[in-house]
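Here's model.cif, which has mmCIF, C-alpha atoms:
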```cif
data_target
#
loop_
_atom_site.label_atom_id
_atom_site.label_comp_id
_atom_site.auth_asym_id
_atom_site.auth_seq_id
_atom_site.Cartn_x
_atom_site.Cartn_y
_atom_site.Cartn_z
CA MET A 962 134.22 22.79 40.74
CA VAL A 963 132.12 23.26 37.68
CA HIS A 964 130.87 26.61 36.57
CA LEU A 965 127.89 25.45 34.61
CA THR A 966 126.05 28.73 34.43
CA ASN A 967 128.79 30.47 32.53
CA THR A 968 128.94 27.86 29.85
CA LEU A 969 125.21 27.73 29.43
CA ASN A 970 125.01 31.48 29.21
CA ARG A 971 127.67 31.54 26.52
CA PHE A 972 125.57 29.42 24.20
CA GLY A 973 122.42 31.32 24.88
CA TYR A 974 120.64 28.91 27.11
CA ILE A 975 120.13 31.15 30.13
CA HIS A 976 118.94 34.71 29.70
CA GLY A 977 117.78 37.06 32.34
CA PRO A 978 114.88 39.37 31.69
CA HIS A 979 115.48 41.53 28.64
CA ARG A 980 117.27 44.85 29.34
CA ILE A 981 114.38 46.84 27.94
CA TYR A 982 112.46 46.26 31.18
CA LYS A 983 115.24 47.84 33.21
CA ARG A 984 115.23 50.83 30.90
CA MET A 985 111.48 51.17 30.95
CA GLN A 986 111.67 51.59 34.70
CA VAL A 987 113.95 54.58 34.22
CA PHE A 988 111.99 56.11 31.33
CA ARG A 989 108.87 55.99 33.45
CA PHE A 990 110.43 58.74 35.58
CA THR A 991 112.01 60.75 32.76
CA TRP A 992 109.15 61.10 30.28
CA HIS A 993 108.80 64.83 30.98
CA TYR A 994 112.48 65.74 30.58
CA TYR A 995 113.76 67.77 27.65
CA GLY A 996 115.58 66.37 24.61
CA ARG A 997 117.77 63.30 24.71
CA HIS A 998 117.54 63.12 28.51
CA ARG A 999 114.13 61.49 28.15
CA ARG A 1000 115.12 59.20 25.26
CA CYS A 1001 118.66 57.92 25.74
CA TYR A 1002 119.15 55.61 28.70
CA LYS A 1003 122.69 56.68 29.50
CA LEU A 1004 121.78 60.36 29.81
CA ALA A 1005 118.40 59.70 31.42
CA VAL A 1006 119.88 57.70 34.30
CA GLN A 1007 122.37 60.44 35.09
CA ARG A 1008 119.70 63.13 35.08
CA LEU A 1009 117.34 60.99 37.14
CA HIS A 1010 119.85 60.27 39.90
CA LYS A 1011 120.65 63.98 40.14
CA ALA A 1012 116.96 64.83 40.32
CA TRP A 1013 116.44 62.40 43.20
CA LEU A 1014 119.37 63.96 45.02
CA HIS A 1015 117.78 67.39 44.64
CA ALA A 1016 114.44 66.06 45.82
CA THR A 1017 115.87 64.68 49.06
CA ARG A 1018 117.90 67.82 49.68
CA ASN A 1019 115.04 70.24 49.05
CA ARG A 1020 112.51 68.35 51.13
CA LYS A 1021 113.77 70.22 54.19
CA MET A 1022 113.25 73.59 52.48
CA LYS A 1023 109.62 72.82 51.69
CA GLY A 1024 108.40 73.86 55.14
CA LEU A 1025 110.33 77.12 55.06
CA LEU A 1026 109.00 78.01 51.61
CA TYR A 1027 105.45 77.39 52.76
CA LYS A 1028 106.01 79.58 55.82
CA GLU A 1029 107.11 82.47 53.60
CA ILE A 1030 103.89 82.24 51.57
CA TRP A 1031 101.79 82.02 54.74
CA GLN A 1032 103.47 85.09 56.17
CA THR A 1033 102.70 87.15 53.04
CA ARG A 1034 99.08 85.98 53.08
CA ILE A 1035 98.57 86.76 56.77
CA ASP A 1036 100.28 90.12 56.30
CA ALA A 1037 97.88 90.96 53.45
CA ALA A 1038 94.86 89.90 55.48
CA CYS A 1039 96.01 91.93 58.51
CA LYS A 1040 96.52 95.03 56.38
CA GLU A 1041 92.86 94.95 55.35
CA HIS A 1042 91.85 95.37 59.00
CA GLY A 1043 94.37 98.08 59.84
CA ILE A 1044 96.94 96.10 61.82
CA LYS A 1045 100.44 94.97 61.03
CA TYR A 1046 101.70 91.38 60.88
CA PHE A 1047 104.16 91.50 63.77
CA GLU A 1048 101.71 93.42 65.96
CA PHE A 1049 99.06 90.81 65.28
CA THR A 1050 101.24 87.76 66.01
CA GLU A 1051 102.82 89.19 69.14
CA SER A 1052 99.52 90.23 70.68
CA LEU A 1053 98.08 86.76 70.04
CA THR A 1054 101.04 85.05 71.72
CA ARG A 1055 100.77 87.37 74.73
CA GLN A 1056 97.12 86.43 75.10
CA ASN A 1057 97.96 82.69 74.98
CA ILE A 1058 96.13 82.23 71.66
CA HIS A 1059 98.59 79.75 70.21
CA LEU A 1060 97.37 79.43 66.62
CA ASN A 1061 99.65 77.99 63.97
CA HIS A 1062 100.70 79.86 60.84
CA ALA A 1063 98.97 77.18 58.78
CA VAL A 1064 95.73 77.62 60.73
CA LEU A 1065 95.84 81.43 60.48
CA ASN A 1066 96.42 81.07 56.72
CA ASP A 1067 93.34 78.86 56.34
CA LEU A 1068 91.26 81.26 58.42
CA ALA A 1069 92.40 84.25 56.34
CA ILE A 1070 91.33 82.61 53.09
CA TYR A 1071 88.29 80.50 53.89
CA GLU A 1072 86.90 82.15 57.06
CA PRO A 1073 87.48 85.91 56.73
CA ARG A 1074 84.91 86.80 59.41
CA THR A 1075 86.75 84.68 61.98
CA PHE A 1076 90.01 86.31 61.03
CA LYS A 1077 88.44 89.74 61.37
CA SER A 1078 87.27 88.93 64.89
CA LEU A 1079 90.80 87.72 65.75
CA CYS A 1080 92.13 91.05 64.46
CA ASN A 1081 89.64 92.92 66.64
CA VAL A 1082 90.77 90.91 69.67
CA ALA A 1083 94.40 91.74 68.93
CA LYS A 1084 93.67 95.43 68.35
CA GLN A 1085 91.71 95.76 71.62
CA HIS A 1086 94.56 94.03 73.48
CA ILE A 1087 97.12 96.42 71.99
CA VAL A 1088 95.01 99.46 72.92
CA ASN A 1089 94.43 98.22 76.48
CA THR A 1090 98.07 97.34 77.20
CA GLY A 1091 99.74 100.02 75.11
CA LEU A 1092 102.02 97.60 73.27
CA TYR A 1093 102.17 99.65 70.09
CA ASN A 1094 100.92 103.02 68.94
CA LEU A 1095 97.50 102.04 67.60
CA THR A 1096 94.11 103.72 67.73
CA LEU A 1097 90.73 102.16 67.09
CA GLU A 1098 88.91 104.03 64.37
CA GLU A 1099 85.15 103.86 64.31
CA PRO A 1100 83.75 103.28 60.82
CA GLU A 1101 81.73 106.06 59.29
CA GLY A 1102 78.03 105.69 58.79
CA VAL A 1103 77.58 102.98 61.45
CA PHE A 1104 75.30 103.78 64.38
CA ASN A 1105 75.28 101.96 67.69
CA ARG A 1106 72.75 101.92 70.49
CA SER A 1107 75.41 103.38 72.79
CA MET A 1108 75.44 106.62 70.76
CA PHE A 1109 71.84 107.40 71.66
CA THR A 1110 71.83 106.73 75.41
CA ASP A 1111 70.62 110.21 76.32
CA GLU A 1112 67.77 110.07 73.83
CA LEU A 1113 66.70 106.61 74.93
CA LYS A 1114 66.41 107.73 78.57
CA GLN A 1115 63.96 110.45 77.61
CA MET B 826 76.04 76.21 47.70
CA ALA B 827 74.72 77.65 44.53
CA PHE B 828 76.91 80.76 44.65
CA ASN B 829 80.33 79.11 44.83
CA ARG B 830 80.81 79.88 41.15
CA VAL B 831 80.19 83.58 41.75
CA LYS B 832 82.53 83.60 44.76
CA GLN B 833 85.30 82.25 42.54
CA TRP B 834 84.77 85.05 40.01
CA THR B 835 84.74 87.76 42.66
CA THR B 836 87.84 86.57 44.50
CA PHE B 837 89.94 86.27 41.35
CA ALA B 838 88.57 89.42 39.69
CA ARG B 839 91.14 92.14 39.09
CA VAL B 840 90.70 95.37 41.02
CA TRP B 841 91.72 98.73 39.56
CA TYR B 842 93.64 100.99 41.92
CA LEU B 843 94.45 104.68 41.64
CA PHE B 844 97.75 106.12 42.85
CA ASP B 845 98.54 109.81 43.03
CA ALA B 846 102.29 110.27 42.49
CA LYS B 847 102.43 113.96 43.33
CA TRP B 848 105.52 114.64 45.48
CA GLN B 849 106.13 110.93 46.03
CA ASP B 850 109.47 109.16 45.95
CA PRO B 851 109.39 106.84 42.89
CA ILE B 852 111.79 104.34 44.48
CA ILE B 853 109.60 103.85 47.55
CA SER B 854 106.33 103.99 45.61
CA GLY B 855 107.72 101.43 43.13
CA ARG B 856 108.10 98.93 45.96
CA VAL B 857 104.51 99.58 47.00
CA LEU B 858 103.09 99.27 43.47
CA SER B 859 104.98 96.03 42.81
CA LYS B 860 103.10 94.36 45.68
CA TYR B 861 99.76 95.29 44.12
CA LEU B 862 100.85 94.06 40.68
CA LEU B 863 101.98 90.71 42.10
CA GLY B 864 98.82 90.32 44.20
CA LYS B 865 100.58 90.32 47.57
CA ASN B 866 97.80 92.51 48.97
CA LYS B 867 95.42 89.54 48.91
CA PRO B 868 95.25 86.57 51.29
CA ILE B 869 94.82 84.21 48.31
CA TYR B 870 98.33 85.03 47.02
CA SER B 871 100.41 82.22 45.61
CA VAL B 872 103.51 82.20 43.43
CA GLY B 873 101.87 80.47 40.48
CA SER B 874 98.44 82.08 40.59
CA ASP B 875 98.03 85.15 38.42
CA CYS B 876 96.05 87.28 40.90
CA GLY B 877 97.59 90.72 40.42
CA ASP B 878 95.68 93.97 40.14
CA TYR B 879 95.65 96.94 37.78
CA VAL B 880 97.29 100.15 38.98
CA VAL B 881 96.68 103.56 37.42
CA VAL B 882 99.27 106.19 38.32
CA ILE B 883 98.49 109.89 37.80
CA ASN B 884 100.60 113.05 38.13
CA SER B 885 103.82 111.19 37.35
CA LYS B 886 105.29 114.47 36.10
CA GLU B 887 105.43 115.79 39.68
CA ILE B 888 107.40 113.01 41.37
CA ALA B 889 110.07 113.99 43.89
CA LEU B 890 113.48 112.32 43.89
CA LYS B 891 115.61 112.23 47.04
CA ASP B 892 118.46 114.64 47.81
CA ASP B 893 120.43 115.58 44.67
CA LEU B 894 119.47 112.56 42.58
CA TRP B 895 118.00 114.59 39.73
CA ARG B 896 121.52 115.74 38.94
CA THR B 897 123.71 112.88 40.21
CA TYR B 898 121.81 109.75 39.25
CA ASN B 899 122.55 108.51 35.72
CA TYR B 900 120.67 106.01 33.62
CA PHE B 901 123.02 103.72 31.73
CA HIS B 902 122.51 102.41 28.21
CA HIS B 903 124.88 100.56 25.90
CA THR B 904 124.37 100.14 22.18
CA GLY B 905 126.52 96.99 22.01
CA TYR B 906 129.20 98.53 19.82
CA ALA B 907 132.50 99.91 21.01
CA LYS B 908 132.28 103.22 22.87
CA GLY B 909 128.50 102.84 22.79
CA ALA B 910 127.87 103.66 26.45
CA THR B 911 125.61 106.60 27.23
CA TYR B 912 124.82 108.13 30.61
CA THR B 913 121.70 110.28 30.80
CA PRO B 914 121.04 112.18 34.05
CA ALA B 915 117.67 111.70 35.73
CA TRP B 916 116.35 115.17 34.95
CA GLU B 917 117.00 114.66 31.22
CA TYR B 918 115.51 111.18 31.38
CA HIS B 919 112.42 112.67 33.01
CA GLU B 920 112.08 115.49 30.49
CA ASN B 921 112.00 113.11 27.53
CA ASP B 922 109.31 110.89 29.00
CA PRO B 923 107.79 111.83 32.41
CA THR B 924 106.25 108.37 32.83
CA ARG B 925 109.52 106.53 32.48
CA ILE B 926 111.19 106.78 35.90
CA ILE B 927 108.29 105.36 37.90
CA LYS B 928 107.94 102.52 35.40
CA ASN B 929 111.62 101.71 35.74
CA CYS B 930 111.46 101.76 39.54
CA THR B 931 108.55 99.30 39.63
CA LYS B 932 110.36 97.10 37.15
CA ASN B 933 113.37 96.97 39.43
CA ALA B 934 111.19 96.13 42.44
CA LEU B 935 109.56 93.16 40.70
CA PRO B 936 111.31 89.76 40.64
CA PRO B 937 113.42 89.22 37.48
CA LYS B 938 111.19 86.55 35.94
CA ILE B 939 109.69 86.16 32.50
CA TYR B 940 106.21 87.17 33.74
CA ARG B 941 107.52 90.63 34.71
CA ASN B 942 106.52 92.27 31.43
CA SER B 943 102.97 90.94 31.64
CA LEU B 944 102.68 92.46 35.13
CA LEU B 945 104.06 95.78 33.91
CA SER B 946 101.44 95.87 31.17
CA ARG B 947 98.87 96.31 33.97
CA LEU B 948 100.63 99.44 35.20
CA LEU B 949 99.13 102.48 33.46
CA VAL B 950 101.04 105.72 34.04
CA PHE B 951 99.79 109.18 33.05
CA PRO B 952 101.84 112.40 33.36
CA ASP B 953 98.82 114.57 34.24
CA ASP B 954 95.49 113.96 35.89
CA LYS B 955 93.86 113.58 32.47
CA VAL B 956 92.84 109.93 32.30
CA PRO B 957 90.76 108.48 29.46
CA LYS B 958 87.19 107.49 30.27
CA ASP B 959 87.73 103.81 29.46
CA VAL B 960 90.32 103.61 32.22
CA ILE B 961 88.71 105.75 34.88
CA LYS B 962 85.37 103.96 34.82
CA ASN B 963 87.01 100.77 36.13
CA ILE B 964 88.73 102.35 39.13
CA THR B 965 87.22 101.31 42.45
CA ASP B 966 89.93 101.83 45.07
CA GLN B 967 92.89 104.00 45.95
CA ILE B 968 96.41 103.21 47.17
CA GLN B 969 97.43 105.29 50.13
CA PRO B 970 100.61 107.30 49.38
CA SER B 971 103.57 106.65 51.64
CA MET B 972 104.64 110.29 51.99
CA THR B 973 102.30 113.08 53.07
CA PRO B 974 102.97 116.16 50.89
CA PRO B 975 104.33 119.03 53.05
CA LYS B 976 102.80 122.51 53.10
CA ARG B 977 104.60 125.47 51.62
CA LEU B 978 105.42 128.51 53.71
CA THR B 979 102.98 130.58 51.67
CA GLU B 980 100.12 128.23 52.51
CA PHE B 981 100.44 128.84 56.26
CA SER B 982 98.49 131.73 57.74
CA GLU B 983 100.28 134.46 59.69
CA ASP B 984 98.78 133.37 63.01
CA GLU B 985 100.17 129.85 62.52
CA ILE B 986 103.63 131.21 61.72
CA GLN B 987 103.69 133.51 64.74
CA ASN B 988 102.28 130.91 67.14
CA PHE B 989 104.67 128.17 65.96
CA PRO B 990 106.33 126.56 69.03
CA ARG B 991 109.95 127.68 69.50
CA LEU B 992 112.54 127.07 72.23
CA PHE B 993 113.88 130.63 72.36
CA GLU B 994 113.59 133.84 70.40
CA TRP B 995 116.47 135.17 68.38
CA PRO B 996 117.55 138.78 68.87
CA LYS B 997 116.52 141.06 66.02
CA GLU B 998 120.06 141.51 64.74
CA PHE B 999 120.28 137.81 63.75
CA ILE B 1000 117.06 137.69 61.75
CA ILE B 1001 117.17 138.15 57.99
CA ASP B 1002 113.71 137.75 56.55
CA ASP B 1003 114.12 136.43 53.04
CA LEU B 1004 110.60 137.16 51.96
CA LYS B 1005 110.56 140.86 52.81
CA GLY B 1006 112.21 143.87 51.28
CA GLU B 1007 115.15 143.63 48.89
CA ASN B 1008 116.03 140.07 49.93
CA ASN B 1009 112.95 138.79 48.13
CA GLN B 1010 114.79 139.03 44.80
CA THR B 1011 117.21 136.23 45.69
CA VAL B 1012 114.54 133.75 46.70
CA LYS B 1013 112.35 132.28 44.02
CA ILE B 1014 109.23 130.37 44.94
CA ILE B 1015 107.82 128.48 42.03
#
```

Show me the file's structure as structure tokens.
Amino acid sequence: MVHLTNTLNRFGYIHGPHRIYKRMQVFRFTWHYYGRHRRCYKLAVQRLHKAWLHATRNRKMKGLLYKEIWQTRIDAACKEHGIKYFEFTESLTRQNIHLNHAVLNDLAIYEPRTFKSLCNVAKQHIVNTGLYNLTLEEPEGVFNRSMFTDELKQ
Amino acid sequence: MAFNRVKQWTTFARVWYLFDAKWQDPIISGRVLSKYLLGKNKPIYSVGSDCGDYVVVINSKEIALKDDLWRTYNYFHHTGYAKGATYTPAWEYHENDPTRIIKNCTKNALPPKIYRNSLLSRLLVFPDDKVPKDVIKNITDQIQPSMTPPKRLTEFSEDEIQNFPRLFEWPKEFIIDDLKGENNQTVKII
């Protein structure tokens, strides 16, 4: 058995691709790191493998983190219309309005009138069923046709 | 639409809020004010976006601490040298600077990040109700206080005191009226 490749390699006949190409692949991911971790290959590889481990681990947490932000946004939007977050969500689920947190978040930001009408639906449901202690306050300076029924009859 | 540019300005514009701290608990009100400074009162809130509001606090001299905290609660400071620890009680801390306790409580309620000082720079505290004109012209809205200030006994009328609902009436031997006669000397109403 003849090991030809070893002998040829010893005298410089066979080379693989130069090792700079392997390193360039790593540096492509570590250009934004701090200090020698972006420059030196030995340190950069260690830091890169650890970063990929963190990325896979934290991918599960991404959904939970988004849900926290959505909850704060929906809570803020509910507070503008005089209703609390847990009152709002529970009354919607009891009315079989199964809207996602992501959808409610988009409605609160980009379609505030739709969100306001949803709040009114929830508030009327709470008042009718007596779920929570909530009263509907009429805004000042707004006149309806129903206020002047006696005058209209005359 | 042609007005998208204007919508952007209006949504990210900073609103100036007024907060009356008279007879309010600074620990509870600090939690409330921190939400307005961070921008958690808006549906556009995000962690990175700098969408907080300005808050102007008045009457910070008349805050009300809970229980016996004026006497028992101590503010700690260390100079860094040996035996450099100092403990100042809350009443002394409040006498030196009446705006300091409510600032400290909001600082503790905010997350311990590097942007905390920039948020606190938007918190303007005044000991009295004398606010400079440059500040007060920007105010457009008010933060609702968490605690409703109670009425003093002197503010009630005599009909309200007599018609106050009670389960039973005490016999006259058990009643000592503090506000009448010689007993009035022991009670001081400020």

Inset, instruction - Mind giving me the straight-line distance from CA of Thr979 (chain B) to CA of Ser885 (chain B) in Å, one decimal? - result: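 CA of Ser885 (chain B) lies at a distance of 24.1 Å from CA of Thr979 (chain B).
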
Inset, instruction - Mind giving me the straight-line distance from CA of Pro974 (chain B) to CA of Gln849 (chain B) in Å, one decimal? - result: 7.8 Å

Legend entry - Distance of CA of Glu1098 (chain A) from CA of Tyr861 (chain B), expressed in Å to one decimal place: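 Those two atoms sit 24.6 Å apart.
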
Applying 9 Å and all atoms listed in the file, which residues near region 1061-1068 of chain A remain after dropping the ones on its own chain fewer than 2 positions away? List them as an mmCIF file with C-alpha atoms, keeping the file's coordinate frame.
```cif
data_model
loop_
_atom_site.group_PDB
_atom_site.id
_atom_site.type_symbol
_atom_site.label_atom_id
_atom_site.label_comp_id
_atom_site.auth_asym_id
_atom_site.auth_seq_id
_atom_site.Cartn_x
_atom_site.Cartn_y
_atom_site.Cartn_z
ATOM 1 C CA TYR A 1027 105.450 77.390 52.760
ATOM 2 C CA LYS A 1028 106.010 79.580 55.820
ATOM 3 C CA TRP A 1031 101.790 82.020 54.740
ATOM 4 C CA GLN A 1032 103.470 85.090 56.170
ATOM 5 C CA ARG A 1034 99.080 85.980 53.080
ATOM 6 C CA ILE A 1035 98.570 86.760 56.770
ATOM 7 C CA HIS A 1059 98.590 79.750 70.210
ATOM 8 C CA ILE A 1070 91.330 82.610 53.090
ATOM 9 C CA TYR A 1071 88.290 80.500 53.890
ATOM 10 C CA GLU A 1072 86.900 82.150 57.060
ATOM 11 C CA PRO A 1073 87.480 85.910 56.730
ATOM 12 C CA ARG A 1074 84.910 86.800 59.410
ATOM 13 C CA THR A 1075 86.750 84.680 61.980
ATOM 14 C CA PHE A 1076 90.010 86.310 61.030
ATOM 15 C CA PRO B 868 95.250 86.570 51.290
#
```

Per residue of chain B within 12 Å of chain A, what are the shortest atom pair and its distance in Å to one decimal, counting only C-alpha atoms, with rows by chain and residue number, as a Markdown table?
```
| residue | atom | partner | partner_atom | distance |
| --- | --- | --- | --- | --- |
| B:Lys832 | CA | A:Tyr1071 | CA | 11.2 |
| B:Gln833 | CA | A:Tyr1071 | CA | 11.9 |
| B:Thr836 | CA | A:Ile1070 | CA | 10.1 |
| B:Lys860 | CA | A:Ala1037 | CA | 10.0 |
| B:Tyr861 | CA | A:Ala1037 | CA | 10.5 |
| B:Leu863 | CA | A:Thr1033 | CA | 11.5 |
| B:Gly864 | CA | A:Ala1037 | CA | 9.3 |
| B:Lys865 | CA | A:Ala1037 | CA | 6.5 |
| B:Asn866 | CA | A:Ala1037 | CA | 4.7 |
| B:Lys867 | CA | A:Ala1037 | CA | 5.4 |
| B:Pro868 | CA | A:Arg1034 | CA | 4.3 |
| B:Ile869 | CA | A:Ile1070 | CA | 6.1 |
| B:Tyr870 | CA | A:Arg1034 | CA | 6.2 |
| B:Ser871 | CA | A:Ile1030 | CA | 6.9 |
| B:Val872 | CA | A:Ile1030 | CA | 8.1 |
| B:Gly873 | CA | A:Ile1030 | CA | 11.4 |
```

Inset, instruction - Tell me, as a list in words, which residues lie within 9 Å of Lys886 (chain B), counting all atoms listed in the file; anything in the same chain fewer than 4 positions away does not count. - result: Ala846, Lys847, His919, Glu920, Asp922, Pro923, Thr924, Phe951, Pro952 and Asp953 of chain B

Return as JSON the centre and edge lengths, in Å with one decimal, of the box along x, y and z that encloses every atom of region 1103-1109 of chain A in the file, padded by 3 Å per side.
```
{"center_x": 74.7, "center_y": 104.7, "center_z": 67.1, "size_x": 11.7, "size_y": 11.5, "size_z": 17.3}
```

Legend entry - Which residue of A:Met1108, A:Asn1057, A:Val987, A:Tyr994 approaches His1010 (chain A) most closely, using all atoms listed in the file: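 Using all atoms listed in the file, His1010 (chain A) sits closest to A:Val987.
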
Inset, instruction - Tell me which of B:Asn929, B:Gln987, B:Asn942, B:Thr965 sits closest to Ile852 (chain B), counting all atoms listed in the file. - result: B:Asn929

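Selection around (100.5, 97.9, 73.4) with radius 12 Å, counting only C-alpha atoms, yields the residues Glu1048, Phe1049, Glu1051, Ser1052, Leu1053, Arg1055, Ala1083, Lys1084, Gln1085, His1086, Ile1087, Val1088, Asn1089, Thr1090, Gly1091, Leu1092, Tyr1093, Asn1094, Leu1095 and Thr1096 of chain A.
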
Inset, instruction - List the residues matched by the PyMOL selection byres ((chain B and resi 918) around 12) in the displayed structure as a list in words, ordered by chain and then by residue number. - result: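 Selection result, ordered by chain and number: Lys886, Leu894, Trp895, Arg896, Tyr898, Asn899, Tyr900, Phe901, His902, Thr911, Tyr912, Thr913, Pro914, Ala915, Trp916, Glu917, His919, Glu920, Asn921, Asp922, Pro923, Thr924, Arg925, Ile926, Ile927 and Asn929 of chain B.
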
Legend entry - Shortest interatomic distance to Ile968 (chain B) - which of B:Glu994, B:Asp878, B:Asp850, B:Asp845, counting all atoms listed in the file: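 Between B:Glu994, B:Asp878, B:Asp850, B:Asp845, the residue approaching Ile968 (chain B) most closely is B:Asp845.
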
Inset, instruction - Would you mind listing what lies within 10 Å of Ala1005 (chain A) as a PyMOL selection string, with all atoms listed in the file counted and same-chain residues fewer than 6 positions away left out? - result: chain A and resi 984+987-988+990-992+994+996-999+1011

Leu858 (chain B): which residues within 12 Å, counting only C-alpha atoms, same-chain residues fewer than 4 positions away excluded, as a CSV table (one decimal) with C-alpha atoms, in the frame of the given file?
```
chain,number,residue,atom,x,y,z
B,842,TYR,CA,93.6,101.0,41.9
B,843,LEU,CA,94.4,104.7,41.6
B,844,PHE,CA,97.8,106.1,42.8
B,845,ASP,CA,98.5,109.8,43.0
B,846,ALA,CA,102.3,110.3,42.5
B,851,PRO,CA,109.4,106.8,42.9
B,852,ILE,CA,111.8,104.3,44.5
B,853,ILE,CA,109.6,103.8,47.6
B,854,SER,CA,106.3,104.0,45.6
B,862,LEU,CA,100.8,94.1,40.7
B,863,LEU,CA,102.0,90.7,42.1
B,864,GLY,CA,98.8,90.3,44.2
B,865,LYS,CA,100.6,90.3,47.6
B,866,ASN,CA,97.8,92.5,49.0
B,877,GLY,CA,97.6,90.7,40.4
B,878,ASP,CA,95.7,94.0,40.1
B,879,TYR,CA,95.6,96.9,37.8
B,880,VAL,CA,97.3,100.2,39.0
B,881,VAL,CA,96.7,103.6,37.4
B,882,VAL,CA,99.3,106.2,38.3
B,927,ILE,CA,108.3,105.4,37.9
B,928,LYS,CA,107.9,102.5,35.4
B,929,ASN,CA,111.6,101.7,35.7
B,930,CYS,CA,111.5,101.8,39.5
B,931,THR,CA,108.6,99.3,39.6
B,932,LYS,CA,110.4,97.1,37.2
B,933,ASN,CA,113.4,97.0,39.4
B,934,ALA,CA,111.2,96.1,42.4
B,935,LEU,CA,109.6,93.2,40.7
B,944,LEU,CA,102.7,92.5,35.1
B,945,LEU,CA,104.1,95.8,33.9
B,947,ARG,CA,98.9,96.3,34.0
B,948,LEU,CA,100.6,99.4,35.2
B,949,LEU,CA,99.1,102.5,33.5
B,950,VAL,CA,101.0,105.7,34.0
B,967,GLN,CA,92.9,104.0,46.0
B,968,ILE,CA,96.4,103.2,47.2
B,969,GLN,CA,97.4,105.3,50.1
B,970,PRO,CA,100.6,107.3,49.4
B,971,SER,CA,103.6,106.6,51.6
```

Please, could N, CA and C atoms be added to region 1022-1035 of chain A and the result written as an mmCIF file, keeping the file's coordinate frame?
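Saved the output as selection.cif:
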```cif
data_model
loop_
_atom_site.group_PDB
_atom_site.id
_atom_site.type_symbol
_atom_site.label_atom_id
_atom_site.label_comp_id
_atom_site.auth_asym_id
_atom_site.auth_seq_id
_atom_site.Cartn_x
_atom_site.Cartn_y
_atom_site.Cartn_z
ATOM 1 N N MET A 1022 113.580 72.194 52.765
ATOM 2 C CA MET A 1022 113.250 73.590 52.480
ATOM 3 C C MET A 1022 111.758 73.804 52.248
ATOM 4 N N LYS A 1023 111.032 72.706 52.044
ATOM 5 C CA LYS A 1023 109.620 72.820 51.690
ATOM 6 C C LYS A 1023 108.827 73.555 52.771
ATOM 7 N N GLY A 1024 109.106 73.214 54.036
ATOM 8 C CA GLY A 1024 108.400 73.860 55.140
ATOM 9 C C GLY A 1024 108.695 75.336 55.223
ATOM 10 N N LEU A 1025 109.948 75.705 55.000
ATOM 11 C CA LEU A 1025 110.330 77.120 55.060
ATOM 12 C C LEU A 1025 109.667 77.923 53.950
ATOM 13 N N LEU A 1026 109.614 77.317 52.740
ATOM 14 C CA LEU A 1026 109.000 78.010 51.610
ATOM 15 C C LEU A 1026 107.515 78.238 51.849
ATOM 16 N N TYR A 1027 106.861 77.228 52.452
ATOM 17 C CA TYR A 1027 105.450 77.390 52.760
ATOM 18 C C TYR A 1027 105.248 78.492 53.797
ATOM 19 N N LYS A 1028 106.176 78.573 54.768
ATOM 20 C CA LYS A 1028 106.010 79.580 55.820
ATOM 21 C C LYS A 1028 106.128 80.990 55.252
ATOM 22 N N GLU A 1029 106.994 81.162 54.246
ATOM 23 C CA GLU A 1029 107.110 82.470 53.600
ATOM 24 C C GLU A 1029 105.794 82.896 52.955
ATOM 25 N N ILE A 1030 105.164 81.928 52.240
ATOM 26 C CA ILE A 1030 103.890 82.240 51.570
ATOM 27 C C ILE A 1030 102.813 82.541 52.604
ATOM 28 N N TRP A 1031 102.799 81.776 53.704
ATOM 29 C CA TRP A 1031 101.790 82.020 54.740
ATOM 30 C C TRP A 1031 101.970 83.390 55.362
ATOM 31 N N GLN A 1032 103.209 83.780 55.568
ATOM 32 C CA GLN A 1032 103.470 85.090 56.170
ATOM 33 C C GLN A 1032 102.945 86.218 55.270
ATOM 34 N N THR A 1033 103.188 86.104 53.946
ATOM 35 C CA THR A 1033 102.700 87.150 53.040
ATOM 36 C C THR A 1033 101.169 87.188 53.018
ATOM 37 N N ARG A 1034 100.550 86.022 53.098
ATOM 38 C CA ARG A 1034 99.080 85.980 53.080
ATOM 39 C C ARG A 1034 98.494 86.589 54.348
ATOM 40 N N ILE A 1035 99.070 86.233 55.505
ATOM 41 C CA ILE A 1035 98.570 86.760 56.770
ATOM 42 C C ILE A 1035 98.810 88.262 56.856
#
```
